[in-house]
Amino acid sequence: ILEDLKNIIEGYGQPETFLWIKKAIEYNIQNANMKIAQLCIRTYEELIKSLNLKYSNIKYAYILAWCAEIFNVAILISDDVLDKGNMRRGLTSWPRLENVGILAITDAFILEQIVYALLKKYFSHLKCYTNLIELFREVSLRSACGKHLEFMYTRKSVEEFKRETYNMMAVNKGSYYNFYLPFTLSMNLACFTDPQILTQCLDIFYQIGLYFQIQNDFLDCFGTIENCGKIGTDIEDKKFSWLAVTCMELANEEQKQIMLECYGSKDPLKVQKVKDLYKALDLPSIYTAYEKESYEKTKTLIKQLSNGVPQDIFFDILNKIYRGVF
């Protein structure tokens with residue numbers, strides 16, 4: 001893949017740009033668990049078994065997996081630019097590195113466009129080519145819309161935080177590129193595109209993606225750098241988070257006033273007041289109850305999948321998220 005990138009970018013007469021983008025990719029995947037690539041490959045392998053297909057396209061599955069991971073790097077870099085994040089996967093975030101800074105914006109743009117160049121080279125002769133392009137475009141737009149809404153809500157009063165809006169933001173922001181994209185890429189490569197099955201899969205990914213984001217929100221406040229890969233700053237950044245939404249639903253007028261005065265403040269004392277309020281409202285217990293309920297609901301949806309869809313893949317994703325290792 002790197003050789004392909006070299007040929008593409010150096011073909012524009014910019015070898016220095018290739019070396020820079022190569023560095024960006026290598027830096028951002030060095031601590032990655034490659035979960036998106038693994039999901040892409042495993043889905044394809046399981047589908048061709050269930051459909052009794054040959055392994056003739058397994059090479060393409062690996063290329064798609066790399067496209068999905070590069071796409072993921074582009075999204076994460078964009079996130080860190082917007083959020084001014086200091087840490088990512090236990091390392092200094094790419095935009096925070098010396099000599100990177102605002103240049104990270106063009107890095108993210110180049111990385112996403114590289115995906116389309118790779119798709120053209122390897123898949124333009126296949127029937128699924130158009131679908132693959134449209135999948136990346138759809139997920140790119142959905143992810144950007146989700147991130148846009150999250151960022152816009154940092155400018156609003158916490159009184160405007162509503163659960164229905166939060167749920168859609170959470171799913172669009174993370175579910176589509178983490179789960180829906182690698183799975184449906186492989187489905188299209190295997191020519192397995194039954195609309196009914198895709199709808200069933202979307203319902204499952206909605207639940208998984210929402211659970212994944214809520215877990216992320218909870219760990220930002222109550223987790224550690226070891227299980228988050230970064231220091232949580234959702235309270236200071238006035239993030240549109242599950243904890244804040246749930247808090248405002250349960251709080252009395254006095255407690256709501258604490259949120260209005262303290263949520264979004266960089267003052268450590270005010271941040272602690274918000275954390276103390278979360279504990280007073282027993283949000284950790286509410287989260288645990290939600291976690292169990294969501295897990296059981298998702299298990300039921302997976303068991304209802306139509307024949308031909310490998311349920312083990314979904315159970316594997318669910319169990320990894322439930323254990324906090326996805």
# chains A, B, ... in the order shown; residues from 1 in each chain; ligands from 1

$ residues_around --residues "Tyr176 of chain A" --least-positions-apart "3" --cutoff "9 Å" --atoms "only C-alpha atoms" --output "PDB file with N, CA and C atoms, in the first residue's frame"
ATOM      1  N   GLU A 138     -20.600   8.203   1.837  1.00  0.00           N
ATOM      2  CA  GLU A 138     -21.706   8.293   2.797  1.00  0.00           C
ATOM      3  C   GLU A 138     -21.182   8.359   4.226  1.00  0.00           C
ATOM      4  N   VAL A 139     -20.232   7.473   4.537  1.00  0.00           N
ATOM      5  CA  VAL A 139     -19.700   7.421   5.900  1.00  0.00           C
ATOM      6  C   VAL A 139     -18.911   8.685   6.223  1.00  0.00           C
ATOM      7  N   SER A 140     -18.192   9.208   5.244  1.00  0.00           N
ATOM      8  CA  SER A 140     -17.451  10.457   5.442  1.00  0.00           C
ATOM      9  C   SER A 140     -18.405  11.597   5.791  1.00  0.00           C
ATOM     10  N   ARG A 142     -21.589  11.346   6.932  1.00  0.00           N
ATOM     11  CA  ARG A 142     -22.256  11.086   8.209  1.00  0.00           C
ATOM     12  C   ARG A 142     -21.341  11.414   9.390  1.00  0.00           C
ATOM     13  N   SER A 143     -20.086  10.979   9.291  1.00  0.00           N
ATOM     14  CA  SER A 143     -19.131  11.222  10.377  1.00  0.00           C
ATOM     15  C   SER A 143     -18.896  12.714  10.567  1.00  0.00           C
ATOM     16  N   VAL A 171     -24.386   8.075  16.953  1.00  0.00           N
ATOM     17  CA  VAL A 171     -24.367   7.029  15.928  1.00  0.00           C
ATOM     18  C   VAL A 171     -23.679   7.518  14.660  1.00  0.00           C
ATOM     19  N   ASN A 172     -24.023   8.714  14.203  1.00  0.00           N
ATOM     20  CA  ASN A 172     -23.397   9.240  12.985  1.00  0.00           C
ATOM     21  C   ASN A 172     -21.909   9.491  13.175  1.00  0.00           C
ATOM     22  N   LYS A 173     -21.535   9.946  14.344  1.00  0.00           N
ATOM     23  CA  LYS A 173     -20.148  10.306  14.613  1.00  0.00           C
ATOM     24  C   LYS A 173     -19.216   9.101  14.592  1.00  0.00           C
ATOM     25  N   PHE A 179     -17.980   0.480  12.475  1.00  0.00           N
ATOM     26  CA  PHE A 179     -18.649  -0.805  12.347  1.00  0.00           C
ATOM     27  C   PHE A 179     -19.320  -1.015  10.989  1.00  0.00           C
ATOM     28  N   TYR A 180     -20.187  -0.093  10.623  1.00  0.00           N
ATOM     29  CA  TYR A 180     -20.947  -0.234   9.373  1.00  0.00           C
ATOM     30  C   TYR A 180     -20.027  -0.288   8.157  1.00  0.00           C
ATOM     31  N   LEU A 181     -19.044   0.593   8.079  1.00  0.00           N
ATOM     32  CA  LEU A 181     -18.174   0.671   6.907  1.00  0.00           C
ATOM     33  C   LEU A 181     -17.404  -0.615   6.648  1.00  0.00           C
ATOM     34  N   PRO A 182     -16.600  -1.127   7.586  1.00  0.00           N
ATOM     35  CA  PRO A 182     -15.837  -2.343   7.284  1.00  0.00           C
ATOM     36  C   PRO A 182     -16.729  -3.539   6.968  1.00  0.00           C
ATOM     37  N   PHE A 205     -25.928  -2.243  14.197  1.00  0.00           N
ATOM     38  CA  PHE A 205     -24.839  -1.273  14.300  1.00  0.00           C
ATOM     39  C   PHE A 205     -25.294   0.018  14.983  1.00  0.00           C
ATOM     40  N   TYR A 206     -26.580   0.337  14.872  1.00  0.00           N
ATOM     41  CA  TYR A 206     -27.110   1.495  15.609  1.00  0.00           C
ATOM     42  C   TYR A 206     -26.940   1.266  17.110  1.00  0.00           C
ATOM     43  N   GLY A 209     -23.133   1.029  17.990  1.00  0.00           N
ATOM     44  CA  GLY A 209     -22.478   2.332  17.890  1.00  0.00           C
ATOM     45  C   GLY A 209     -22.872   3.270  19.011  1.00  0.00           C
TER      46      GLY A 209
END

$ closest_residue --among "A:Ile286, A:Ala251, A:Glu291, A:Asp237" --to "Val271 of chain A" --atoms "only C-alpha atoms"
A:Asp237

$ closest_residue --among "A:Lys120, A:Ser241, A:Leu281, A:Val274" --to "Met169 of chain A" --atoms "only C-alpha atoms"
A:Ser241

$ closest_residue --among "A:Ala68, A:Asp220, A:Glu98, A:Ser78" --to "Thr184 of chain A" --atoms "only C-alpha atoms"
A:Ala68

$ closest_residue --among "A:Asn72, A:Asn52, A:Asn86, A:Gln215" --to "Ile25 of chain A" --atoms "only C-alpha atoms"
A:Asn72

$ closest_atom_pairs --of "segment 166-222 of chain A" --to "segment 37-44 of chain A" --cutoff "8 Å" --atoms "only C-alpha atoms" --output "Markdown table"
| residue | atom | partner | partner_atom | distance |
| --- | --- | --- | --- | --- |
| A:Phe179 | CA | A:Leu39 | CA | 7.9 |
| A:Pro182 | CA | A:Cys40 | CA | 4.5 |
| A:Phe183 | CA | A:Cys40 | CA | 5.7 |
| A:Leu185 | CA | A:Cys40 | CA | 7.1 |
| A:Ser186 | CA | A:Tyr44 | CA | 5.0 |
| A:Met187 | CA | A:Tyr44 | CA | 6.8 |
| A:Leu189 | CA | A:Tyr44 | CA | 7.7 |
| A:Ala190 | CA | A:Tyr44 | CA | 6.7 |

$ atom_distance --atom1 "atom CA of Ile321 of chain A" --atom2 "atom CA of Ile133 of chain A"
28.0 Å

$ residues_around --residues "segment 7-24 of chain A" --least-positions-apart "5" --cutoff "8 Å" --atoms "only C-alpha atoms" --output "list in words"
Leu2, Trp94, Asp107, Leu111 and Ala117 of chain A

$ write_last_selection --atoms "C-alpha atoms" --output "CSV table (one decimal), in the first residue's frame"
chain,number,residue,atom,x,y,z
A,2,LEU,CA,2.8,2.4,0.9
A,94,TRP,CA,-0.6,14.1,15.5
A,107,ASP,CA,-2.9,15.6,6.1
A,111,LEU,CA,-5.4,10.6,3.5
A,117,ALA,CA,-7.1,6.6,-5.5

$ closest_residue --among "A:Gln30, A:Asn178, A:Ser157, A:Thr224" --to "Val245 of chain A" --atoms "only C-alpha atoms"
A:Ser157
